Amino acid sequence: MASANHINLAEKKKKISETIESISEKLSSLSNAIWHCPELAYNEKQAHDILVDFFTSDGGWKVEQHYILDTAFKAEWVSKVASSQNNPIHVGFLCEYDALPEIGHACGHNLIAEVGAGTAVALKAVLDKTEMDRQVKITVLGTPAEEQGGGKADMLQANAFQGLDAVFMAHPTNTDAAYIPSLALQIVKVKYFGKTAHGAAFPWTGKNALDASVIAYNSIAVLRQQLHPLWKINGVINHKGDKPNVISAFSEILVYLRTPQIKDLSVLYSKVEQCFKGAAQATQCKVEVTTVGNIYYGLLRNRTLEALYEENARNLGVTFTTDERGLKSHSCSTEAQHYTLRAAKALSMTALDVICRPELVPLMKNDWEAAIRQSGMKVNGRL
C-alpha cells in the first residue's frame with residue numbers, strides 16, 4: 001500500500017490536471033448557468049440548486065441543502081478507511097455565487113463557484129483511487145452573501161468551519177497572485193429624519209434631511225486628509241428626496257469603512273460617526289446610525305500555502321507578473337475558462353500537497369497563529 005509520504009505527487013498532480021480537463025465543459029456549463037441568473041446576497045436560490053445538483057450527480061458526496069443559511073450548502077466526501085487512523089486530514093473548498101445589484105456577476109463569483117467545484121471533484125477523483133495511510137475528508141461549503149451581509153461570518157459563528165485544517169478558494173482579479181490584500185470592512189447605514197415643507201413658499205418651516213446627508217458626505221471628504229493613507233471610506237447617498245420644491249424629510253447614506261487591521265476599524269468608525277452627528281446638529285435633523293451585516297476581517301497571509309500554490313501554478317505556466325490575466329477576463333467568456341481551469345488545477349494540487357505531506361500542517365498553522373497575533377484579531381475571545 002502506498003504511504004501518503006511516498007505517493008508520487010507529480011503523477012497525482014498530472015491526474016488532477018487531466019480530471020479537470022475532462023470535466024471542463026461541465027464546469028463551464030455550471031459557471032455560465034450561475035452567470036445567467038445573478039442573485040443578490042442571501043437570495044441565491046438558483047445558484048444553490050445548481051451547485052447542489054452538481055455535487056449530487058457527481059456521486060460519492062454527502063450533500064446538505066440549505067446548510068445553516070437558506071442558500072448555503074455543504075458537500076462532504078471521506079476517503080476509504082485507512083490502515084491507520086492517526087493524523088486524519090480535513091481540507092475544504094469554498095464556492096461563492098452572489099451577484100451585485102444592476103451589474104450582475106461583474107465580480108466573477110460564478111468563476112469562484114466553478115473553481116471550488118472543480119478543485120474538490122478533481123481531488124476526490126484522484127484520492128478515491130489512491131490507498132492512503134491517513135483518512136482524508138473533503139468539505140465543500142457554499143457561502144452566500146459575500147457582497148453584503150457576510151455569509152461566511154454567519155457560517156463561522158455556527159461552527160461550519162470546525163475541524164478543517166485548511167480551506168481553499170480562488171478569486172478573480174487582474175493579476176495572478178497567491179495573496180491579494182483584502183481590508184477589514186464595516187458597513188454603516190445612516191438615516192436622517194427632518195421635516196417636509198414647500199421649498200418656495202415656506203422653506204423656513206422645514207428641516208432638510210438631504211442637506212444633512214450632503215454635509216456628512218462633505219465632512220467625510222474633509223476628514224480623509226487626516227486619516228492614515230491605508231484607511232478607506234466610500235459612501236453613496238441612497239435616498240435623497242422626491243421633488244426639488246419639497247424640503248426632504250428623509251435621506252440615507254450607505255458608507256463602507258476599511259482598514260488593514262481589524263483593531264483600527266473602531267477608531268475609524270468613531271471619527272466618521274462625529275461627521276454624521278455634526279451634520280444632524282447643523283441641520284437640526286434626527287440621525288440614526290446602524291451597522292449592516294457582519295464585520296469583515298482582513299485577509300491574513302499564510303506564507304506556507306502561498307509558496308505551495310506558487311510552485312504548482314508556475315508548473316502550469318503561470319509567471320506571476322503584472323501581465324498575467326489571472327481570472328480577470330469577462331466572467332462568462334470563453335477566454336476566462338483558460339485561467340479559471342488553471343487556477344482550479346493549481347489550487348487542487350496545493351490541497352494535495354497539504355494532504356500528502358504531513359509536515360506542512362504545523363507550518364501553515366504556525367503561520368496562521370502568527371498572523372492572528374500580528375493583526376490583533378480575537379479568536380475564541382483571545383488575541
# chains A, B, ... in the order shown; residues from 1 in each chain; ligands from 1
$ closest_atom_pairs --of "range 254-344 of chain A" --to "range 13-34 of chain A" --cutoff "10 Å" --atoms "only C-alpha atoms" --output "tab-separated table"
residue	atom	partner	partner_atom	distance
A:Asn312	CA	A:Lys13	CA	9.0
A:Leu316	CA	A:Ser17	CA	9.3
A:Ser331	CA	A:Asn32	CA	8.5
A:Cys332	CA	A:Asn32	CA	6.0
A:Ser333	CA	A:Asn32	CA	8.9
A:Thr334	CA	A:Ser28	CA	8.7
A:Ala336	CA	A:Ser28	CA	9.7
A:Gln337	CA	A:Ser28	CA	7.0
A:His338	CA	A:Ser24	CA	9.7
A:Thr340	CA	A:Ser28	CA	9.4
A:Leu341	CA	A:Ile20	CA	7.1
A:Arg342	CA	A:Ser17	CA	8.5
A:Ala344	CA	A:Ile20	CA	7.8
$ write_last_selection --atoms "N, CA and C atoms" --output "short mmCIF file (atom, residue, chain, number, x, y, z; two decimals), in the first residue's frame"
data_model
loop_
_atom_site.label_atom_id
_atom_site.label_comp_id
_atom_site.auth_asym_id
_atom_site.auth_seq_id
_atom_site.Cartn_x
_atom_site.Cartn_y
_atom_site.Cartn_z
N ASN A 312 3.04 25.23 -7.67
CA ASN A 312 2.13 24.47 -8.53
C ASN A 312 1.69 25.29 -9.73
N LEU A 316 2.37 25.08 -14.09
CA LEU A 316 1.29 25.12 -15.08
C LEU A 316 1.45 26.29 -16.06
N SER A 331 -16.42 37.32 -17.04
CA SER A 331 -16.68 36.11 -16.26
C SER A 331 -17.58 35.10 -16.97
N CYS A 332 -18.06 35.43 -18.16
CA CYS A 332 -18.83 34.44 -18.92
C CYS A 332 -18.18 34.18 -20.28
N SER A 333 -16.94 34.59 -20.45
CA SER A 333 -16.29 34.45 -21.75
C SER A 333 -15.56 33.13 -21.86
N THR A 334 -15.32 32.71 -23.10
CA THR A 334 -14.51 31.51 -23.35
C THR A 334 -13.09 31.73 -22.86
N ALA A 336 -12.07 33.37 -20.32
CA ALA A 336 -11.97 33.24 -18.86
C ALA A 336 -11.76 31.80 -18.44
N GLN A 337 -12.24 30.86 -19.24
CA GLN A 337 -12.16 29.46 -18.84
C GLN A 337 -10.72 28.96 -18.75
N HIS A 338 -9.85 29.44 -19.62
CA HIS A 338 -8.45 29.01 -19.56
C HIS A 338 -7.86 29.33 -18.20
N THR A 340 -9.51 30.16 -15.41
CA THR A 340 -10.28 29.55 -14.34
C THR A 340 -9.85 28.10 -14.11
N LEU A 341 -9.73 27.34 -15.17
CA LEU A 341 -9.32 25.94 -15.05
C LEU A 341 -7.89 25.83 -14.54
N ARG A 342 -7.03 26.74 -14.97
CA ARG A 342 -5.65 26.71 -14.49
C ARG A 342 -5.58 27.00 -13.00
N ALA A 344 -7.97 26.36 -10.87
CA ALA A 344 -8.54 25.18 -10.21
C ALA A 344 -7.49 24.08 -10.09
#
$ residues_around --residues "Arg303 in chain A" --least-positions-apart "2" --cutoff "8 Å" --atoms "only C-alpha atoms" --output "ChimeraX atom specification"
/A:301,305-307,364,367
$ write_last_selection --atoms "all heavy atoms" --output "tab-separated table (two decimals), in the first residue's frame"
chain	number	residue	atom	x	y	z
A	301	ARG	N	-2.08	36.63	5.63
A	301	ARG	CA	-1.18	35.86	4.77
A	301	ARG	C	-0.81	34.53	5.41
A	301	ARG	O	-0.70	34.42	6.63
A	301	ARG	CB	0.11	36.64	4.49
A	301	ARG	CG	-0.10	37.99	3.87
A	301	ARG	CD	1.17	38.54	3.27
A	301	ARG	NE	1.53	37.79	2.06
A	301	ARG	CZ	2.36	38.27	1.13
A	301	ARG	NH1	2.90	39.47	1.27
A	301	ARG	NH2	2.64	37.56	0.06
A	305	LEU	N	1.29	28.21	2.53
A	305	LEU	CA	0.34	27.90	1.46
A	305	LEU	C	0.62	28.72	0.20
A	305	LEU	O	0.45	28.23	-0.92
A	305	LEU	CB	-1.09	28.14	1.95
A	305	LEU	CG	-1.61	27.14	2.98
A	305	LEU	CD1	-3.00	27.55	3.46
A	305	LEU	CD2	-1.65	25.73	2.42
A	306	GLU	N	1.04	29.97	0.39
A	306	GLU	CA	1.37	30.80	-0.77
A	306	GLU	C	2.48	30.16	-1.59
A	306	GLU	O	2.41	30.10	-2.83
A	306	GLU	CB	1.81	32.19	-0.31
A	306	GLU	CG	0.69	33.08	0.18
A	306	GLU	CD	1.21	34.42	0.66
A	306	GLU	OE1	2.17	34.95	0.04
A	306	GLU	OE2	0.68	34.94	1.66
A	307	ALA	N	3.52	29.69	-0.89
A	307	ALA	CA	4.67	29.10	-1.60
A	307	ALA	C	4.25	27.84	-2.35
A	307	ALA	O	4.69	27.59	-3.48
A	307	ALA	CB	5.79	28.79	-0.60
A	364	MET	N	1.85	25.59	8.37
A	364	MET	CA	0.81	26.54	7.96
A	364	MET	C	0.00	27.02	9.16
A	364	MET	O	-0.45	28.18	9.20
A	364	MET	CB	-0.08	25.94	6.88
A	364	MET	CG	-0.94	24.80	7.29
A	364	MET	SD	-1.78	24.05	5.86
A	364	MET	CE	-2.96	23.00	6.73
A	367	ASP	N	1.99	29.74	10.77
A	367	ASP	CA	1.82	30.98	10.00
A	367	ASP	C	0.52	31.67	10.39
A	367	ASP	O	0.47	32.90	10.56
A	367	ASP	CB	1.79	30.67	8.50
A	367	ASP	CG	3.15	30.36	7.93
A	367	ASP	OD1	4.15	30.54	8.65
A	367	ASP	OD2	3.23	29.92	6.77
$ select_by_dssp --residues "range 42-270 of chain A" --states "strand (DSSP E or B)" --output "PyMOL selection string"
chain A and resi 62-64+73-78+89-95+100+104+136-142+166-168+184-193+195+198+207+232-239+246+250-259
$ residues_around --residues "Leu300 in chain A" --least-positions-apart "3" --cutoff "9 Å" --atoms "only C-alpha atoms" --output "JSON, numbers by chain"
{"A": [179, 181, 182, 297, 368, 371, 372, 375]}
$ closest_residue --among "A:Lys12, A:Ala370, A:Ala343, A:His171" --to "Lys129 in chain A" --atoms "only C-alpha atoms"
A:Lys12
$ residues_around --residues "Phe54 in chain A" --least-positions-apart "3" --cutoff "10 Å" --atoms "only C-alpha atoms" --output "number ranges by chain"
A: 26-27, 30, 48-51, 57-59, 117, 121
$ residues_around --residues "Thr143 in chain A" --least-positions-apart "2" --cutoff "8 Å" --atoms "only C-alpha atoms" --output "number ranges by chain"
A: 71-73, 94-97, 141, 145-146, 151-152, 155
$ write_last_selection --atoms "C-alpha atoms" --output "mmCIF file, in the first residue's frame"
data_model
loop_
_atom_site.group_PDB
_atom_site.id
_atom_site.type_symbol
_atom_site.label_atom_id
_atom_site.label_comp_id
_atom_site.auth_asym_id
_atom_site.auth_seq_id
_atom_site.Cartn_x
_atom_site.Cartn_y
_atom_site.Cartn_z
ATOM 1 C CA THR A 71 -28.918 29.428 0.265
ATOM 2 C CA ALA A 72 -25.815 27.747 1.684
ATOM 3 C CA PHE A 73 -24.872 24.102 1.189
ATOM 4 C CA LEU A 94 -15.423 27.440 -0.862
ATOM 5 C CA CYS A 95 -17.937 28.398 -3.517
ATOM 6 C CA GLU A 96 -19.245 31.949 -3.704
ATOM 7 C CA TYR A 97 -22.130 32.761 -6.045
ATOM 8 C CA LEU A 141 -19.085 24.920 1.550
ATOM 9 C CA ALA A 145 -23.737 36.813 0.698
ATOM 10 C CA GLU A 146 -20.120 37.811 0.190
ATOM 11 C CA GLY A 151 -22.453 34.744 4.841
ATOM 12 C CA LYS A 152 -19.090 33.248 5.779
ATOM 13 C CA MET A 155 -21.462 30.185 8.995
#
$ atom_distance --atom1 "CA of Ala166 in chain A" --atom2 "CA of Ala351 in chain A"
8.1 Å
$ residues_around --residues "Ala280 in chain A" --least-positions-apart "4" --cutoff "9 Å" --atoms "only C-alpha atoms" --output "PyMOL selection string"
chain A and resi 192-193+209+212-213+215-216+275-276+284-287
$ write_last_selection --atoms "N, CA, C and O atoms" --output "PDB file, in the first residue's frame"
ATOM      1  N   TYR A 192     -31.246  60.167   8.121  1.00  0.00           N
ATOM      2  CA  TYR A 192     -31.569  61.484   8.664  1.00  0.00           C
ATOM      3  C   TYR A 192     -33.064  61.733   8.531  1.00  0.00           C
ATOM      4  O   TYR A 192     -33.661  61.496   7.470  1.00  0.00           O
ATOM      5  N   PHE A 193     -33.658  62.212   9.611  1.00  0.00           N
ATOM      6  CA  PHE A 193     -35.079  62.497   9.643  1.00  0.00           C
ATOM      7  C   PHE A 193     -35.287  63.991   9.880  1.00  0.00           C
ATOM      8  O   PHE A 193     -34.887  64.528  10.915  1.00  0.00           O
ATOM      9  N   ALA A 209     -33.364  67.058   5.432  1.00  0.00           N
ATOM     10  CA  ALA A 209     -32.583  65.835   5.650  1.00  0.00           C
ATOM     11  C   ALA A 209     -31.554  65.622   4.557  1.00  0.00           C
ATOM     12  O   ALA A 209     -30.486  65.047   4.807  1.00  0.00           O
ATOM     13  N   ALA A 212     -28.465  67.380   5.429  1.00  0.00           N
ATOM     14  CA  ALA A 212     -27.706  66.638   6.439  1.00  0.00           C
ATOM     15  C   ALA A 212     -26.808  65.595   5.777  1.00  0.00           C
ATOM     16  O   ALA A 212     -25.628  65.460   6.123  1.00  0.00           O
ATOM     17  N   SER A 213     -27.347  64.883   4.785  1.00  0.00           N
ATOM     18  CA  SER A 213     -26.531  63.877   4.087  1.00  0.00           C
ATOM     19  C   SER A 213     -25.388  64.524   3.313  1.00  0.00           C
ATOM     20  O   SER A 213     -24.268  64.012   3.292  1.00  0.00           O
ATOM     21  N   ILE A 215     -23.918  67.415   3.984  1.00  0.00           N
ATOM     22  CA  ILE A 215     -22.913  67.892   4.947  1.00  0.00           C
ATOM     23  C   ILE A 215     -22.079  66.725   5.468  1.00  0.00           C
ATOM     24  O   ILE A 215     -20.844  66.824   5.586  1.00  0.00           O
ATOM     25  N   ALA A 216     -22.734  65.615   5.788  1.00  0.00           N
ATOM     26  CA  ALA A 216     -21.999  64.443   6.269  1.00  0.00           C
ATOM     27  C   ALA A 216     -21.031  63.937   5.211  1.00  0.00           C
ATOM     28  O   ALA A 216     -19.867  63.623   5.506  1.00  0.00           O
ATOM     29  N   CYS A 275     -18.835  62.948  12.108  1.00  0.00           N
ATOM     30  CA  CYS A 275     -19.321  63.621  10.897  1.00  0.00           C
ATOM     31  C   CYS A 275     -20.833  63.462  10.772  1.00  0.00           C
ATOM     32  O   CYS A 275     -21.544  64.412  10.411  1.00  0.00           O
ATOM     33  N   PHE A 276     -21.325  62.267  11.063  1.00  0.00           N
ATOM     34  CA  PHE A 276     -22.763  62.014  10.985  1.00  0.00           C
ATOM     35  C   PHE A 276     -23.523  62.861  12.003  1.00  0.00           C
ATOM     36  O   PHE A 276     -24.544  63.482  11.682  1.00  0.00           O
ATOM     37  N   GLN A 284     -30.431  70.403  12.318  1.00  0.00           N
ATOM     38  CA  GLN A 284     -31.490  70.153  13.304  1.00  0.00           C
ATOM     39  C   GLN A 284     -32.329  68.917  12.944  1.00  0.00           C
ATOM     40  O   GLN A 284     -33.516  68.841  13.274  1.00  0.00           O
ATOM     41  N   CYS A 285     -31.704  67.979  12.264  1.00  0.00           N
ATOM     42  CA  CYS A 285     -32.367  66.712  11.937  1.00  0.00           C
ATOM     43  C   CYS A 285     -32.009  65.656  12.980  1.00  0.00           C
ATOM     44  O   CYS A 285     -31.003  65.764  13.683  1.00  0.00           O
ATOM     45  N   LYS A 286     -32.836  64.643  13.060  1.00  0.00           N
ATOM     46  CA  LYS A 286     -32.505  63.498  13.880  1.00  0.00           C
ATOM     47  C   LYS A 286     -31.681  62.516  13.039  1.00  0.00           C
ATOM     48  O   LYS A 286     -31.884  62.415  11.828  1.00  0.00           O
ATOM     49  N   VAL A 287     -30.783  61.793  13.687  1.00  0.00           N
ATOM     50  CA  VAL A 287     -29.922  60.871  12.962  1.00  0.00           C
ATOM     51  C   VAL A 287     -29.984  59.493  13.594  1.00  0.00           C
ATOM     52  O   VAL A 287     -30.083  59.362  14.826  1.00  0.00           O
TER      53      VAL A 287
END
$ residues_around --residues "Thr304 in chain A" --least-positions-apart "6" --cutoff "10 Å" --atoms "only C-alpha atoms" --output "PyMOL selection string"
chain A and resi 354+360-368
$ write_last_selection --atoms "N, CA and C atoms" --output "short mmCIF file (atom, residue, chain, number, x, y, z; two decimals), in the first residue's frame"
data_model
loop_
_atom_site.label_atom_id
_atom_site.label_comp_id
_atom_site.auth_asym_id
_atom_site.auth_seq_id
_atom_site.Cartn_x
_atom_site.Cartn_y
_atom_site.Cartn_z
N VAL A 354 -0.86 19.45 0.85
CA VAL A 354 -1.18 19.51 2.27
C VAL A 354 -1.59 18.13 2.78
N LEU A 360 3.63 19.75 6.55
CA LEU A 360 3.17 21.09 6.16
C LEU A 360 2.12 21.65 7.11
N VAL A 361 1.32 20.77 7.72
CA VAL A 361 0.20 21.24 8.55
C VAL A 361 0.67 22.10 9.72
N PRO A 362 1.64 21.66 10.52
CA PRO A 362 2.09 22.54 11.61
C PRO A 362 2.71 23.83 11.11
N LEU A 363 3.36 23.81 9.95
CA LEU A 363 3.96 25.03 9.41
C LEU A 363 2.89 26.05 9.04
N MET A 364 1.85 25.59 8.37
CA MET A 364 0.81 26.54 7.96
C MET A 364 0.00 27.02 9.16
N LYS A 365 -0.17 26.17 10.16
CA LYS A 365 -0.88 26.61 11.37
C LYS A 365 -0.05 27.61 12.15
N ASN A 366 1.27 27.44 12.18
CA ASN A 366 2.14 28.43 12.82
C ASN A 366 2.04 29.78 12.10
N ASP A 367 1.99 29.74 10.77
CA ASP A 367 1.82 30.98 10.00
C ASP A 367 0.52 31.67 10.39
N TRP A 368 -0.55 30.89 10.49
CA TRP A 368 -1.86 31.44 10.81
C TRP A 368 -1.87 32.08 12.20
#
$ closest_residue --among "A:Tyr42, A:Leu268, A:Met349, A:Thr259" --to "Gln226 in chain A" --atoms "only C-alpha atoms"
A:Leu268
